[in-house]
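*Asks:* Pasting in a structure now, in structure tokens, and then I'll have a few things to ask.
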Amino acid sequence: MKNAACYIRVSTDDQLEYSPDAQLREIRKYAASHDLFLDPNHIYMDEGISGRNTAKRPEFNHMIGAAKIKPRPFDVILLWKFSRFARNREDAVVYKSMLRKLGIEVVSISENIGDDKMSILIEAMIEAMDEYYSINLGEEVIRGMTQKALTGGIQAIPSFGYDKLPNQTYTINQQEAPYVRMVFNMYLSGSSLFAIARHLNNLGIRTKRGNLFENRQIEYMINNPVYKGYLRWTPKKTVSRRIYDSPDTIIVKGEHEPIISEELWQKVNDKYHTSKATRKPHDRPTESKKHYLCGLVRCANCDSTLVYSNIHKGFQCHSYGHGKCSYSCFITASKLETMILDELDCMAQNDQYLYIKNEKKQSSVESAVIKQEINKLESILQKAKEAYLVGIDTLEEYGQNKTKLQTQINSLQATLKKEMAQAEPAPVTTIKIADIKDMIQSQADLPTKNKLLSGVFEKITYRKKPHDELSIFLK
């Protein structure tokens, strides 16, 4: 009597004819009538998972890993249909070929295929038909969803301000709706996106997912026609990328109650698009426009970086600009420079020194190549470990791979150590705090100043309220 395993997969809950219980029941009947012992420890089942690929099928991967154990735990894998195994011909060929080399057959109990060479063609045709069915099903789903959208059907989770009823209609969330109206009225009155987001966060209001509001959530709200009683759906998911005017977008009148009037929604939407049209394209500062303190100063309240604005000649908390931080840390560049110089003056009075290791004078090209190869092998070793942990490789296979890779890594590390020993040692430079101050006040270019300060300062924190506070952290 041969030992058997079985693999069961269903994509959706409504596939009654291919339900897990139905598949398992038929497989057990087949095993009993064909003198096969179906081991209860080797019944693998993936529910609600597509067969397009194996990456997200954990039980399938566990089964493949178990098949590699020596001695092999089973001689045959039973399926209800080949489509349960894979709907991708590449996966089907790779895994079936690997299993055959291990002496394990893959058998479809409902698709009677023999052992002759003609059966190879028949099996390939079945797999090709399964892949065609999977692709065609995806297209049919899109067509069905498109038709549902055209007839006003709901296909998305409710937006902020709404809940979904069991009968698949939206109902107004009475706790959230007033804040939706507030968002539209504030924007129409001239408030910016980040000001509205900050105001909601200060009130303790959170998104449907429980997160803080940001500019993008407010922008999405004022462009969402659901609030005026319409439904929107885009087949190619452009809405998730904040593209509101895609030619593929479908907008139809819904059956739910609107939170705001169409007139208010249109005024706000017109104001948004007018503002967007007149807004200058985002101009990322060139090197000549950046400040030498960029990337070094952080908000003491939320630890976000203070971003330099060339227009306003100052720094502002990045999170505050997106409505996530409640405190404005704006400080002019000139004032920040003065505060840093004053702080350095205090440190210089103690005659403090900084010890900085310079880069090696001789940079070995061979050493760089060796380091790159070591990193590559370490990455392969990590992937081998992950393959073992998910059950694709056995402990023996992982051990062999690890030994081989570690030997290569150790050899390269020994060579690298020899190369490094022959290189010229790095000198140590002593720098006074006073010298740092002189350099800041010098005519050195911005990149030079920024590089030196980055090597000296771990970070600089600034707190505006209740009074200006600046702290410098040395490396």
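Chain labels A, B, ... are given in the sequence in which chains occur in the structure tokens; within each chain residues are numbered consecutively from 1, and ligands are likewise numbered from 1 in the order shown.
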Do you know which residues are at most 7 Å from Thr305 in chain A counting only C-alpha atoms, after dropping those on the same chain fewer than 5 positions away, and could you put them as a ChimeraX atom specification?
*Replies:* /A:295,297-299,317-318
*Asks:* Write out the residues from the selection above, keeping N, CA, C and O atoms, as an mmCIF file, in the first residue's frame.
*Replies:*
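Once everything was written out, this is out_26.cif:
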```cif
data_model
loop_
_atom_site.group_PDB
_atom_site.id
_atom_site.type_symbol
_atom_site.label_atom_id
_atom_site.label_comp_id
_atom_site.auth_asym_id
_atom_site.auth_seq_id
_atom_site.Cartn_x
_atom_site.Cartn_y
_atom_site.Cartn_z
ATOM 1 N N GLY A 295 18.673 68.205 6.670
ATOM 2 C CA GLY A 295 18.834 66.837 7.130
ATOM 3 C C GLY A 295 19.415 66.704 8.517
ATOM 4 O O GLY A 295 19.523 65.586 9.036
ATOM 5 N N VAL A 297 18.513 68.958 11.309
ATOM 6 C CA VAL A 297 17.665 69.520 12.367
ATOM 7 C C VAL A 297 16.341 68.769 12.421
ATOM 8 O O VAL A 297 15.709 68.513 11.394
ATOM 9 N N ARG A 298 15.914 68.436 13.659
ATOM 10 C CA ARG A 298 14.680 67.679 13.855
ATOM 11 C C ARG A 298 13.740 68.387 14.821
ATOM 12 O O ARG A 298 14.177 69.165 15.672
ATOM 13 N N CYS A 299 12.473 68.090 14.682
ATOM 14 C CA CYS A 299 11.450 68.631 15.576
ATOM 15 C C CYS A 299 11.546 67.922 16.923
ATOM 16 O O CYS A 299 11.499 66.685 16.985
ATOM 17 N N CYS A 317 8.742 71.812 10.419
ATOM 18 C CA CYS A 317 8.575 70.381 10.675
ATOM 19 C C CYS A 317 7.828 69.730 9.513
ATOM 20 O O CYS A 317 6.754 70.177 9.117
ATOM 21 N N HIS A 318 8.389 68.655 8.984
ATOM 22 C CA HIS A 318 7.791 67.960 7.846
ATOM 23 C C HIS A 318 6.412 67.408 8.201
ATOM 24 O O HIS A 318 5.462 67.516 7.412
#
```
*Asks:* Please provide the set of residues having any atom within 8 Å of Leu38 in chain A, restricted to only C-alpha atoms, with same-chain residues fewer than 4 positions apart removed, written as a list in words.
*Replies:* Asn3, Ala4, Ala5, Cys6, Arg28, Ala31, His42 and Ile43 of chain A
*Asks:* Output N, CA, C and O atoms for every residue in that selection, as an mmCIF file, in the first residue's frame.
*Replies:*
```
data_model
loop_
_atom_site.group_PDB
_atom_site.id
_atom_site.type_symbol
_atom_site.label_atom_id
_atom_site.label_comp_id
_atom_site.auth_asym_id
_atom_site.auth_seq_id
_atom_site.Cartn_x
_atom_site.Cartn_y
_atom_site.Cartn_z
ATOM 1 N N ASN A 3 1.635 5.323 0.405
ATOM 2 C CA ASN A 3 1.198 6.445 1.225
ATOM 3 C C ASN A 3 0.825 7.610 0.318
ATOM 4 O O ASN A 3 1.501 7.881 -0.683
ATOM 5 N N ALA A 4 -0.232 8.310 0.694
ATOM 6 C CA ALA A 4 -0.708 9.423 -0.131
ATOM 7 C C ALA A 4 -0.879 10.686 0.707
ATOM 8 O O ALA A 4 -1.164 10.620 1.906
ATOM 9 N N ALA A 5 -0.675 11.817 0.041
ATOM 10 C CA ALA A 5 -1.006 13.121 0.611
ATOM 11 C C ALA A 5 -2.072 13.725 -0.291
ATOM 12 O O ALA A 5 -2.317 13.223 -1.398
ATOM 13 N N CYS A 6 -2.732 14.754 0.174
ATOM 14 C CA CYS A 6 -3.692 15.414 -0.703
ATOM 15 C C CYS A 6 -3.565 16.924 -0.546
ATOM 16 O O CYS A 6 -3.185 17.428 0.516
ATOM 17 N N ARG A 28 -10.834 10.901 -0.335
ATOM 18 C CA ARG A 28 -10.800 9.730 0.555
ATOM 19 C C ARG A 28 -11.425 8.507 -0.111
ATOM 20 O O ARG A 28 -10.927 7.379 0.044
ATOM 21 N N ALA A 31 -8.845 7.221 -2.580
ATOM 22 C CA ALA A 31 -7.721 6.551 -1.902
ATOM 23 C C ALA A 31 -8.125 5.164 -1.431
ATOM 24 O O ALA A 31 -7.372 4.187 -1.600
ATOM 25 N N HIS A 42 -0.760 14.655 6.367
ATOM 26 C CA HIS A 42 -0.365 15.230 5.078
ATOM 27 C C HIS A 42 -1.580 15.600 4.238
ATOM 28 O O HIS A 42 -1.643 15.351 3.037
ATOM 29 N N ILE A 43 -2.559 16.189 4.910
ATOM 30 C CA ILE A 43 -3.698 16.788 4.217
ATOM 31 C C ILE A 43 -3.479 18.296 4.238
ATOM 32 O O ILE A 43 -3.499 18.926 5.295
#
```
*Asks:* For range 396-407 of chain A, work out the shell of residues within 10 Å, counting only C-alpha atoms and skipping chain neighbours fewer than 2 positions away, then give it as a ChimeraX atom specification.
*Replies:* /A:68-70,374,377-378,380-382,384-389,392-394,409-413
*Asks:* Restricted to N, CA and C atoms, what would the selected residues look like written as a compact mmCIF listing (two decimals), in the first residue's frame?
*Replies:*
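Written file, selection_23.txt:
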```txt
# COMPACT_ATOMS: atom_id res chain seq x y z
N LYS A 68 10.28 16.77 0.27
CA LYS A 68 11.73 16.65 0.16
C LYS A 68 12.37 15.88 1.31
N ILE A 69 11.58 15.55 2.32
CA ILE A 69 12.11 14.83 3.48
C ILE A 69 12.50 13.41 3.06
N LYS A 70 13.60 12.92 3.59
CA LYS A 70 14.06 11.56 3.30
C LYS A 70 13.98 10.72 4.57
N ILE A 374 30.81 39.51 -0.91
CA ILE A 374 30.41 39.02 0.42
C ILE A 374 28.94 39.36 0.68
N LEU A 377 26.70 36.99 -1.31
CA LEU A 377 26.62 35.65 -0.73
C LEU A 377 25.80 35.64 0.55
N GLU A 378 25.94 36.68 1.36
CA GLU A 378 25.14 36.77 2.59
C GLU A 378 23.65 36.89 2.27
N ILE A 380 22.20 35.57 -0.41
CA ILE A 380 21.79 34.23 -0.84
C ILE A 380 21.60 33.32 0.37
N LEU A 381 22.49 33.44 1.35
CA LEU A 381 22.39 32.64 2.57
C LEU A 381 21.09 32.95 3.32
N GLN A 382 20.71 34.23 3.37
CA GLN A 382 19.47 34.61 4.04
C GLN A 382 18.26 34.02 3.32
N ALA A 384 18.24 31.27 1.56
CA ALA A 384 18.24 29.83 1.85
C ALA A 384 17.60 29.55 3.20
N LYS A 385 17.89 30.41 4.17
CA LYS A 385 17.29 30.26 5.50
C LYS A 385 15.78 30.44 5.44
N GLU A 386 15.32 31.44 4.68
CA GLU A 386 13.89 31.70 4.56
C GLU A 386 13.19 30.52 3.88
N ALA A 387 13.85 29.91 2.88
CA ALA A 387 13.27 28.75 2.20
C ALA A 387 13.10 27.57 3.16
N TYR A 388 14.05 27.42 4.09
CA TYR A 388 13.94 26.36 5.11
C TYR A 388 12.81 26.66 6.09
N LEU A 389 12.71 27.92 6.51
CA LEU A 389 11.71 28.29 7.53
C LEU A 389 10.28 28.10 7.03
N ILE A 392 10.12 24.95 2.33
CA ILE A 392 10.43 24.59 0.94
C ILE A 392 11.67 23.70 0.87
N ASP A 393 12.69 24.02 1.66
CA ASP A 393 13.91 23.21 1.74
C ASP A 393 13.93 22.43 3.05
N THR A 394 14.52 21.24 3.00
CA THR A 394 14.65 20.45 4.22
C THR A 394 15.82 20.97 5.04
N ILE A 409 32.11 32.68 2.10
CA ILE A 409 32.13 33.97 2.79
C ILE A 409 33.37 34.10 3.67
N ASN A 410 33.69 33.04 4.42
CA ASN A 410 34.87 33.06 5.30
C ASN A 410 36.15 33.26 4.50
N SER A 411 36.21 32.62 3.34
CA SER A 411 37.40 32.76 2.50
C SER A 411 37.55 34.19 2.00
N LEU A 412 36.45 34.79 1.55
CA LEU A 412 36.49 36.16 1.07
C LEU A 412 36.80 37.14 2.20
N GLN A 413 36.27 36.88 3.38
CA GLN A 413 36.54 37.75 4.52
C GLN A 413 38.02 37.71 4.91
```
*Asks:* If I take CA of Lys432 in chain A and CA of Leu474 in chain A, how far is one from the other in Å, to one decimal?
*Replies:* 12.6 Å
*Asks:* Kindly give the distance, in Å, that separates CA of Leu188 in chain A and CA of Gly161 in chain A, rounded to a single decimal.
*Replies:*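 So the two atoms, CA of Leu188 in chain A and CA of Gly161 in chain A, lie 18.7 Å apart.
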*Asks:* Between A:His256, A:His467, A:Lys459, A:Lys2, which is the closest to Pro225 in chain A once you count only C-alpha atoms?
*Replies:*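 Closest to Pro225 in chain A of all the choices is A:His256.
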*Asks:* Taking only C-alpha atoms into account, which of A:Ile250, A:Val456, A:Ser319, A:Met347 comes nearest Leu212 in chain A?
*Replies:*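 Once distances to Leu212 in chain A are computed over only C-alpha atoms, the minimum belongs to A:Ser319.
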*Asks:* Which one of A:Lys418, A:Lys164, A:Lys437, A:Lys276 sits closest to Ala348 in chain A if you count only C-alpha atoms?
*Replies:*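 Comparing A:Lys418, A:Lys164, A:Lys437, A:Lys276 against Ala348 in chain A, the winner is A:Lys437.
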*Asks:* A:Asp46, A:His34, A:Ser326, A:Pro158: which is nearest Leu78 in chain A, counting only C-alpha atoms?
*Replies:*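 With only C-alpha atoms as the atom set, the closest residue is A:His34.
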